[in-house]
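Engineer: Got a structure for you, work_26.cif, holding mmCIF, C-alpha atoms.
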data_data
loop_
_atom_site.label_atom_id
_atom_site.label_comp_id
_atom_site.auth_asym_id
_atom_site.auth_seq_id
_atom_site.Cartn_x
_atom_site.Cartn_y
_atom_site.Cartn_z
CA MET A 1 -14.11 28.31 -6.52
CA ALA A 2 -14.46 25.79 -3.69
CA GLU A 3 -14.70 22.93 -6.20
CA ILE A 4 -11.23 23.51 -7.65
CA PRO A 5 -9.22 22.00 -4.75
CA GLU A 6 -11.54 18.97 -4.75
CA LYS A 7 -10.97 18.45 -8.47
CA LYS A 8 -7.22 18.82 -8.02
CA SER A 9 -7.32 16.32 -5.13
CA ALA A 10 -9.30 13.85 -7.23
CA VAL A 11 -6.80 14.17 -10.08
CA SER A 12 -3.84 13.68 -7.75
CA ASP A 13 -5.55 10.66 -6.18
CA VAL A 14 -6.03 9.06 -9.59
CA GLY A 15 -2.42 9.91 -10.44
CA ALA A 16 -1.17 8.20 -7.27
CA TRP A 17 -3.15 5.04 -8.02
CA ALA A 18 -2.06 5.09 -11.67
CA MET A 19 1.61 5.45 -10.68
CA ASN A 20 1.28 2.55 -8.26
CA VAL A 21 -0.44 0.25 -10.77
CA VAL A 22 1.89 1.10 -13.68
CA SER A 23 5.11 0.90 -11.63
CA SER A 24 4.02 -2.30 -9.86
CA VAL A 25 3.03 -4.07 -13.06
CA GLY A 26 6.23 -2.88 -14.76
CA LEU A 27 8.25 -4.10 -11.77
CA ILE A 28 6.61 -7.53 -11.93
CA MET A 29 7.29 -7.81 -15.66
CA ALA A 30 10.93 -6.73 -15.23
CA ASN A 31 11.45 -9.14 -12.33
CA LYS A 32 9.86 -11.96 -14.32
CA GLN A 33 12.45 -11.51 -17.06
CA LEU A 34 15.24 -11.10 -14.50
CA MET A 35 14.37 -14.02 -12.21
CA SER A 36 12.73 -16.65 -14.42
CA PRO A 37 14.86 -19.59 -15.68
CA ALA A 38 13.95 -18.59 -19.22
CA GLY A 39 15.34 -15.11 -18.51
CA TYR A 40 18.44 -14.33 -16.47
CA ALA A 41 17.74 -16.75 -13.57
CA PHE A 42 18.58 -14.16 -10.89
CA SER A 43 16.92 -16.08 -8.04
CA PHE A 44 17.84 -13.75 -5.17
CA ALA A 45 14.54 -12.05 -4.37
CA THR A 46 15.38 -10.85 -0.86
CA THR A 47 18.71 -9.35 -1.89
CA LEU A 48 17.04 -7.71 -4.89
CA THR A 49 14.56 -6.08 -2.51
CA GLY A 50 17.57 -4.78 -0.57
CA PHE A 51 18.84 -3.21 -3.81
CA HIS A 52 15.41 -1.62 -4.27
CA PHE A 53 15.46 0.05 -0.86
CA ALA A 54 19.10 1.08 -1.25
CA VAL A 55 18.25 3.02 -4.42
CA THR A 56 15.12 4.43 -2.76
CA ALA A 57 17.22 5.55 0.22
CA PHE A 58 19.70 7.25 -2.14
CA VAL A 59 16.87 9.11 -3.89
CA GLY A 60 15.54 10.24 -0.51
CA PHE A 61 18.99 11.39 0.61
CA ALA A 62 19.51 13.34 -2.63
CA SER A 63 16.09 14.93 -2.26
CA ASN A 64 16.79 16.05 1.32
CA ALA A 65 20.27 17.31 0.41
CA SER A 66 18.91 19.38 -2.49
CA GLY A 67 16.20 20.90 -0.29
CA TYR A 68 13.39 19.39 -2.33
CA SER A 69 11.99 17.68 0.77
CA ALA A 70 12.37 18.34 4.48
CA SER A 71 13.60 15.81 7.00
CA LYS A 72 11.35 15.41 10.04
CA HIS A 73 12.25 13.54 13.20
CA VAL A 74 10.92 10.02 13.69
CA PRO A 75 12.22 8.09 16.73
CA LEU A 76 14.78 5.44 15.88
CA TRP A 77 12.85 2.74 17.74
CA GLU A 78 9.81 3.41 15.51
CA LEU A 79 11.96 3.02 12.39
CA LEU A 80 13.53 -0.20 13.71
CA TRP A 81 10.11 -1.59 14.64
CA PHE A 82 8.72 -0.77 11.21
CA SER A 83 11.76 -2.29 9.48
CA ILE A 84 11.40 -5.53 11.45
CA VAL A 85 7.73 -5.80 10.49
CA ALA A 86 8.41 -4.92 6.83
CA ASN A 87 11.35 -7.33 6.50
CA THR A 88 9.33 -10.09 8.19
CA SER A 89 6.66 -9.46 5.56
CA ILE A 90 9.15 -9.80 2.70
CA THR A 91 10.81 -12.91 4.11
CA GLY A 92 7.48 -14.48 5.01
CA MET A 93 6.10 -13.95 1.51
CA ASN A 94 9.19 -15.51 -0.08
CA LEU A 95 9.03 -18.51 2.27
CA SER A 96 5.29 -18.89 1.71
CA LEU A 97 5.78 -18.95 -2.06
CA MET A 98 8.57 -21.52 -1.71
CA LEU A 99 6.77 -23.87 0.71
CA ASN A 100 3.19 -23.63 -0.58
CA SER A 101 1.52 -24.17 -3.92
CA VAL A 102 0.84 -21.09 -6.06
CA GLY A 103 -2.88 -21.52 -5.41
CA PHE A 104 -2.54 -21.36 -1.62
CA TYR A 105 -0.07 -18.47 -1.97
CA GLN A 106 -2.73 -16.51 -3.89
CA ILE A 107 -5.35 -17.36 -1.26
CA SER A 108 -3.06 -16.09 1.48
CA LYS A 109 -2.60 -12.80 -0.40
CA LEU A 110 -6.36 -12.47 -0.81
CA SER A 111 -6.84 -13.04 2.91
CA MET A 112 -4.97 -9.78 3.57
CA ILE A 113 -8.11 -7.78 2.74
CA PRO A 114 -10.28 -9.16 5.57
CA VAL A 115 -7.24 -9.29 7.90
CA VAL A 116 -6.53 -5.58 7.27
CA CYS A 117 -10.22 -4.78 7.87
CA VAL A 118 -10.20 -6.62 11.21
CA MET A 119 -6.88 -5.07 12.28
CA GLU A 120 -8.06 -1.54 11.43
CA TRP A 121 -11.24 -2.23 13.41
CA ILE A 122 -9.17 -3.40 16.42
CA ILE A 123 -6.42 -0.74 16.24
CA HIS A 124 -8.33 2.31 14.95
CA SER A 125 -11.96 1.34 15.77
CA LYS A 126 -12.78 1.69 12.09
CA HIS A 127 -16.19 0.53 10.89
CA TYR A 128 -17.31 -0.39 7.39
CA SER A 129 -20.68 -0.02 5.72
CA ARG A 130 -22.59 -2.99 4.34
CA GLU A 131 -21.85 -1.84 0.77
CA VAL A 132 -18.10 -1.77 1.44
CA LYS A 133 -18.17 -5.26 2.98
CA MET A 134 -20.13 -6.63 -0.01
CA ALA A 135 -17.70 -5.02 -2.48
CA VAL A 136 -14.72 -6.54 -0.62
CA VAL A 137 -16.32 -10.00 -0.86
CA VAL A 138 -16.92 -9.53 -4.61
CA VAL A 139 -13.29 -8.49 -5.20
CA VAL A 140 -11.94 -11.44 -3.18
CA ILE A 141 -14.15 -13.91 -5.09
CA GLY A 142 -13.26 -12.38 -8.47
CA VAL A 143 -9.51 -12.38 -7.92
CA GLY A 144 -9.75 -15.85 -6.41
CA VAL A 145 -11.57 -17.21 -9.45
CA CYS A 146 -9.00 -15.86 -11.91
CA THR A 147 -5.83 -16.69 -9.95
CA VAL A 148 -6.34 -19.69 -7.66
CA THR A 149 -5.70 -23.07 -9.26
CA ASP A 150 -4.14 -25.91 -7.30
CA VAL A 151 -4.34 -25.55 -3.53
CA LYS A 152 -1.82 -27.56 -1.52
CA VAL A 153 -0.67 -26.66 1.97
CA ASN A 154 1.64 -28.02 4.64
CA ALA A 155 2.29 -27.08 8.26
CA LYS A 156 5.47 -25.03 7.64
CA GLY A 157 3.97 -23.28 4.62
CA PHE A 158 0.78 -22.46 6.54
CA ILE A 159 2.74 -20.91 9.42
CA CYS A 160 4.87 -18.84 7.01
CA ALA A 161 1.74 -17.68 5.17
CA CYS A 162 0.10 -16.61 8.45
CA VAL A 163 3.23 -14.68 9.50
CA ALA A 164 3.44 -13.04 6.04
CA VAL A 165 -0.22 -12.01 5.99
CA PHE A 166 -0.14 -10.61 9.54
CA SER A 167 3.15 -8.71 9.10
CA THR A 168 2.19 -7.31 5.68
CA SER A 169 -1.17 -6.10 6.97
CA LEU A 170 0.46 -4.55 10.04
CA GLN A 171 3.12 -2.89 7.88
CA GLN A 172 0.55 -1.22 5.65
CA ILE A 173 -1.51 0.00 8.60
CA THR A 174 1.66 1.30 10.30
CA ILE A 175 2.57 3.38 7.22
CA GLY A 176 -0.66 5.37 7.56
CA SER A 177 -0.36 5.60 11.35
CA LEU A 178 3.20 6.98 11.27
CA GLN A 179 2.27 9.61 8.67
CA LYS A 180 -0.57 10.89 10.83
CA LYS A 181 1.30 10.57 14.14
CA TYR A 182 4.31 12.64 13.06
CA SER A 183 2.58 14.80 10.40
CA ILE A 184 5.09 13.53 7.88
CA SER A 185 4.60 13.19 4.13
CA SER A 186 4.73 9.88 2.29
CA PHE A 187 8.10 10.57 0.69
CA GLU A 188 9.64 11.85 3.94
CA LEU A 189 8.57 8.70 5.78
CA LEU A 190 9.91 6.49 3.00
CA SER A 191 13.21 8.39 3.14
CA LYS A 192 13.43 7.54 6.87
CA THR A 193 12.52 3.85 6.64
CA ALA A 194 14.32 2.92 3.39
CA PRO A 195 17.93 3.15 4.72
CA VAL A 196 17.16 0.88 7.69
CA GLN A 197 15.40 -1.66 5.47
CA ALA A 198 18.17 -1.51 2.86
CA ALA A 199 20.93 -2.13 5.42
CA SER A 200 19.15 -5.05 7.05
CA LEU A 201 18.08 -6.70 3.78
CA LEU A 202 21.49 -6.35 2.14
CA LEU A 203 23.07 -7.84 5.26
CA LEU A 204 20.65 -10.75 5.73
CA GLY A 205 19.31 -11.11 2.19
CA PRO A 206 22.11 -13.28 0.74
CA PHE A 207 21.75 -15.76 3.63
CA ILE A 208 17.95 -15.90 3.30
CA ASP A 209 18.22 -16.41 -0.47
CA TYR A 210 20.80 -19.16 0.02
CA TYR A 211 18.39 -20.90 2.40
CA LEU A 212 15.52 -20.52 -0.09
CA ASN A 213 17.22 -21.78 -3.27
CA GLY A 214 20.64 -23.12 -2.24
CA LYS A 215 22.47 -20.64 -4.47
CA SER A 216 24.95 -17.94 -3.51
CA ILE A 217 24.80 -14.51 -5.10
CA VAL A 218 28.61 -14.44 -4.99
CA ASN A 219 28.69 -17.13 -7.68
CA TYR A 220 26.18 -15.40 -9.98
CA ASN A 221 27.49 -14.29 -13.37
CA PHE A 222 26.73 -10.56 -13.57
CA THR A 223 26.67 -9.80 -17.31
CA SER A 224 25.30 -6.64 -18.92
CA GLY A 225 21.83 -8.16 -19.40
CA PRO A 226 20.95 -8.85 -15.74
CA ILE A 227 22.66 -5.63 -14.63
CA VAL A 228 20.40 -3.60 -16.93
CA PHE A 229 17.31 -5.36 -15.60
CA ILE A 230 18.44 -4.96 -11.99
CA LEU A 231 18.78 -1.21 -12.57
CA LEU A 232 15.38 -1.14 -14.29
CA SER A 233 13.85 -3.10 -11.42
CA CYS A 234 15.36 -0.71 -8.86
CA SER A 235 14.11 2.35 -10.76
CA LEU A 236 10.57 1.00 -10.97
CA ALA A 237 10.72 -0.01 -7.30
CA VAL A 238 11.38 3.63 -6.31
CA PHE A 239 8.12 4.74 -7.97
CA CYS A 240 6.33 1.68 -6.60
CA ASN A 241 7.46 2.38 -3.01
CA ILE A 242 6.66 6.10 -3.20
CA SER A 243 3.20 5.52 -4.69
CA GLN A 244 2.44 2.82 -2.10
CA TYR A 245 3.16 5.21 0.78
CA ILE A 246 1.15 7.97 -0.94
CA CYS A 247 -1.88 5.72 -1.53
CA ILE A 248 -1.93 4.32 2.01
CA GLY A 249 -1.41 7.81 3.47
CA ARG A 250 -4.27 9.32 1.48
CA PHE A 251 -6.72 6.46 1.68
CA SER A 252 -6.34 3.39 3.90
CA ALA A 253 -4.62 0.03 3.98
CA THR A 254 -7.94 -1.62 3.06
CA SER A 255 -8.41 0.56 -0.01
CA PHE A 256 -4.82 -0.11 -1.03
CA GLN A 257 -5.45 -3.85 -0.83
CA VAL A 258 -8.75 -3.77 -2.72
CA ILE A 259 -7.86 -1.40 -5.54
CA GLY A 260 -4.36 -2.88 -5.60
CA HIS A 261 -5.76 -6.10 -7.05
CA MET A 262 -6.13 -4.18 -10.31
CA LYS A 263 -2.42 -5.00 -10.62
CA THR A 264 -3.29 -8.70 -10.57
CA VAL A 265 -5.69 -8.22 -13.45
CA CYS A 266 -3.11 -6.19 -15.41
CA VAL A 267 -0.40 -8.82 -14.79
CA LEU A 268 -2.67 -11.58 -16.11
CA LEU A 269 -3.48 -9.57 -19.23
CA LEU A 270 0.14 -8.59 -19.89
CA GLY A 271 1.26 -12.15 -19.28
CA TRP A 272 -1.17 -13.27 -21.96
CA ILE A 273 -0.02 -10.54 -24.37
CA LEU A 274 3.76 -10.62 -23.77
CA PHE A 275 4.51 -14.13 -22.56
CA ASP A 276 1.77 -16.20 -24.23
CA SER A 277 0.35 -17.23 -20.86
CA ALA A 278 -2.92 -19.14 -20.96
CA LEU A 279 -6.08 -17.05 -20.48
CA THR A 280 -9.22 -19.11 -19.96
CA ILE A 281 -12.90 -18.19 -19.73
CA LYS A 282 -12.57 -18.70 -15.97
CA ASN A 283 -9.75 -16.11 -15.83
CA ILE A 284 -11.77 -13.62 -17.88
CA LEU A 285 -14.93 -14.02 -15.78
CA GLY A 286 -12.88 -13.68 -12.57
CA MET A 287 -11.19 -10.50 -13.83
CA ILE A 288 -14.56 -8.98 -14.82
CA LEU A 289 -16.01 -9.83 -11.39
CA ALA A 290 -12.93 -8.35 -9.65
CA VAL A 291 -13.12 -5.10 -11.63
CA VAL A 292 -16.86 -4.80 -10.90
CA GLY A 293 -16.09 -5.30 -7.21
CA MET A 294 -13.41 -2.58 -7.31
CA VAL A 295 -15.81 -0.13 -8.97
CA VAL A 296 -18.52 -0.91 -6.40
CA TYR A 297 -15.96 -0.55 -3.58
CA SER A 298 -14.84 2.88 -4.86
CA TRP A 299 -18.47 3.99 -5.10
CA ALA A 300 -19.28 2.65 -1.62
CA VAL A 301 -16.28 4.40 -0.03
CA GLU A 302 -17.17 7.74 -1.68
CA ALA A 303 -20.81 7.35 -0.63
CA GLU A 304 -19.71 6.66 2.95
CA LYS A 305 -17.45 9.75 2.91
CA ALA A 306 -20.35 11.88 1.63
CA ARG A 307 -22.64 10.60 4.40
CA GLN A 308 -20.02 11.31 7.07
CA LYS A 309 -19.43 14.79 5.67
CA ALA A 310 -23.16 15.54 5.72
CA VAL A 311 -23.47 14.35 9.32
CA MET A 312 -20.46 16.44 10.41
CA THR A 313 -21.83 19.54 8.68
CA LYS A 314 -25.23 19.09 10.27
CA THR A 315 -23.71 18.51 13.71
CA SER A 316 -21.44 21.55 13.52
CA MET A 317 -24.36 23.80 12.51
CA THR A 318 -26.45 22.60 15.41
CA GLU A 319 -23.60 23.20 17.86
CA GLU A 320 -23.13 26.70 16.49
CA GLU A 321 -26.79 27.48 16.93
CA ILE A 322 -26.68 26.20 20.51
CA ARG A 323 -23.58 28.29 21.26
CA LEU A 324 -25.20 31.45 19.88
CA ILE A 325 -28.33 30.89 21.92
CA LYS A 326 -26.34 30.29 25.11
CA GLU A 327 -24.27 33.43 24.64
CA GLY A 328 -27.38 35.42 23.91
CA VAL A 329 -25.88 37.02 20.84
CA GLU A 330 -29.30 38.00 19.53
CA THR A 331 -29.92 40.17 22.61
CA LYS A 332 -26.47 41.80 22.77
CA PRO A 333 -25.61 45.00 20.89
CA LEU A 334 -23.48 44.41 17.83
CA LYS A 335 -19.83 45.50 17.99
CA ASP A 336 -17.61 46.87 15.33
CA VAL A 337 -15.00 44.14 14.84
CA GLU A 338 -12.12 46.47 14.05
CA LEU A 339 -12.74 49.22 16.62
CA GLY A 340 -14.35 47.15 19.35
CA GLU A 341 -17.09 49.79 19.74
CA ASN A 342 -20.83 49.30 20.13
CA LYS A 343 -22.81 50.13 17.04
CA PRO A 344 -25.86 52.32 17.53
#
Once more with this new file: its structure as structure tokens, please.

Structural biologist:
Amino acid sequence: MAEIPEKKSAVSDVGAWAMNVVSSVGLIMANKQLMSPAGYAFSFATTLTGFHFAVTAFVGFASNASGYSASKHVPLWELLWFSIVANTSITGMNLSLMLNSVGFYQISKLSMIPVVCVMEWIIHSKHYSREVKMAVVVVVIGVGVCTVTDVKVNAKGFICACVAVFSTSLQQITIGSLQKKYSISSFELLSKTAPVQAASLLLLGPFIDYYLNGKSIVNYNFTSGPIVFILLSCSLAVFCNISQYICIGRFSATSFQVIGHMKTVCVLLLGWILFDSALTIKNILGMILAVVGMVVYSWAVEAEKARQKAVMTKTSMTEEEIRLIKEGVETKPLKDVELGENKP
């Protein structure tokens, strides 16, 4: 009977990853149609993210009001700090994409994996086995091979990329830290942070977007087509945000980064299928190498967990034996637990 909860946990873990991959890939595809010049040319990425968090905040409010989820206290300064980091991540990524080549932008995203590893080591004193480190290297090389093309960089773009990588890594680590610190579920934490992020992004987003592309959202022609895709994008973003918090809460920011690159592979494949994007032998070999790295990483993490569990079990048994010897239980008369009387 002890195996049943483990099986249920494994199924729910796979479900969380699947929801994140499917919703993220769907979100990317919807945004591509919404924002590309060949689609609806809605080039207001920061404001769109504000819409995403506004809808997410509404879902959280409705859930709390209906009693489906409980609202736990998180200090306002923690929420403001998290929102600043998260919004810096979003703005930094948009600026990095605008100022750098696509190749360097992809390299900066790949650099998040080692950056997260180093930050978790510094903040949480987390250590990684040799197998995990090797798997991370394989994933980074594989994704790099299939995504990185031209690499051009300038001073402003490099600074924006560094800020984006640091803030994104810190944001993902903070999600897990806040959940553990306040014993709060993924959805409850998202319900707390989403309103603050929505308000700040909707307030500053139009100005940031105007700086990025020189266009004002006030002058955009909102027809039925882009409105439908904005609503679709917001709906998918809710599932994407929830699953991101769940995955980071259950696993780690490093695991989220590594396994999350499965989305990159799926986007490349769907781009080839739906949008006739070019798919070369180099792309295919890179995707295969990335998937192999993800499989090895998953195996290495599970193997490390099994080793830690075995060590903890062994240690606890030894401590119990020492405690029994010290108390001299073997020499004391046994007592009836219910009556507190000595047995003959």

Engineer: With all atoms listed in the file as the counted atoms, please give the residues lying no more than 12 Å from Thr264 (chain A), apart from itself and same-chain residues fewer than 6 positions off, as a list in words.

Structural biologist: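 Those residues are Val21, Val22, Ser24, Val25, Gly26, Ile28, Met29, Gln106, Lys109, Leu110, Val139, Val140, Gly142, Val143, Gly144, Val145, Cys146, Thr147, Val148, Gln257, Val258, Leu270, Gly271, Asn283, Gly286, Met287, Ala290 and Val291 of chain A.
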
Engineer: Figure out the distance between CA of Ser235 (chain A) and CA of Ala18 (chain A), please, to one decimal in Å.

Structural biologist: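 Separation of CA of Ala18 (chain A) and CA of Ser235 (chain A): 16.4 Å.
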
Engineer: Got a sec: who's within 10 Å of Ser255 (chain A), counting all atoms listed in the file, leaving out chain neighbours fewer than 4 positions off, as a PyMOL selection string?

Structural biologist: chain A and resi 113+116-117+136+247-248+250-251+259-260+294+297-298+301

Engineer: With only C-alpha atoms as the counted atoms, please give the residues lying no more than 8 Å from Ile175 (chain A), apart from itself and same-chain residues fewer than 2 positions off, as an MDAnalysis selection string.

Structural biologist: chainID A and resid 171:173 177:179 245 248:249

Engineer: Generate the output file for the selected residues, C-alpha atoms, as a PDB file, in the coordinates of the input.

Structural biologist:
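Writing the result to selection-v1.pdb gives the following:
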ATOM      1  CA  GLN A 171       3.120  -2.890   7.880  1.00  0.00           C
ATOM      2  CA  GLN A 172       0.550  -1.220   5.650  1.00  0.00           C
ATOM      3  CA  ILE A 173      -1.510   0.000   8.600  1.00  0.00           C
ATOM      4  CA  SER A 177      -0.360   5.600  11.350  1.00  0.00           C
ATOM      5  CA  LEU A 178       3.200   6.980  11.270  1.00  0.00           C
ATOM      6  CA  GLN A 179       2.270   9.610   8.670  1.00  0.00           C
ATOM      7  CA  TYR A 245       3.160   5.210   0.780  1.00  0.00           C
ATOM      8  CA  ILE A 248      -1.930   4.320   2.010  1.00  0.00           C
ATOM      9  CA  GLY A 249      -1.410   7.810   3.470  1.00  0.00           C
TER      10      GLY A 249
END

Engineer: Just say which residues the PyMOL selection byres ((chain A and resi 54-67) around 9) picks in this file, as a PyMOL selection string.

Structural biologist: chain A and resi 49-53+68-71+187-188+190-199+202+234-235+237-239+241-242

Engineer: Just to confirm, what's the straight-line distance from CA of Gln33 (chain A) to CA of Ile284 (chain A) in Å (one decimal)?

Structural biologist: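 One can read the CA of Gln33 (chain A) to CA of Ile284 (chain A) distance as 24.3 Å.
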
Engineer: Quick one: residues within 8 Å of region 83-97 of chain A, only C-alpha atoms counted, chain neighbours fewer than 4 positions away excluded, as a list in words?

Structural biologist: Ala45, Thr46, Leu79, Ser101, Val102, Tyr105, Gly157, Phe158, Cys160, Ala161, Val163, Ala164, Val165, Phe166, Ser167, Thr168, Leu170, Gln171, Thr193, Val196, Gln197, Leu201, Ile208 and Leu212 of chain A

Engineer: In Å to one decimal, how far is CA of Leu232 (chain A) from CA of Ala30 (chain A)?

Structural biologist: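 Going from CA of Ala30 (chain A) over to CA of Leu232 (chain A) covers 7.2 Å.
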
Engineer: As lines of an AutoDock Vina configuration file, please: the centre and edge lengths in Å, to one decimal, of an axis-aligned box enclosing every listed atom of region 165-181 of chain A with 8 Å added on each side.

Structural biologist:
center_x = 0.8
center_y = -0.6
center_z = 9.9
size_x = 20.7
size_y = 38.9
size_z = 24.5
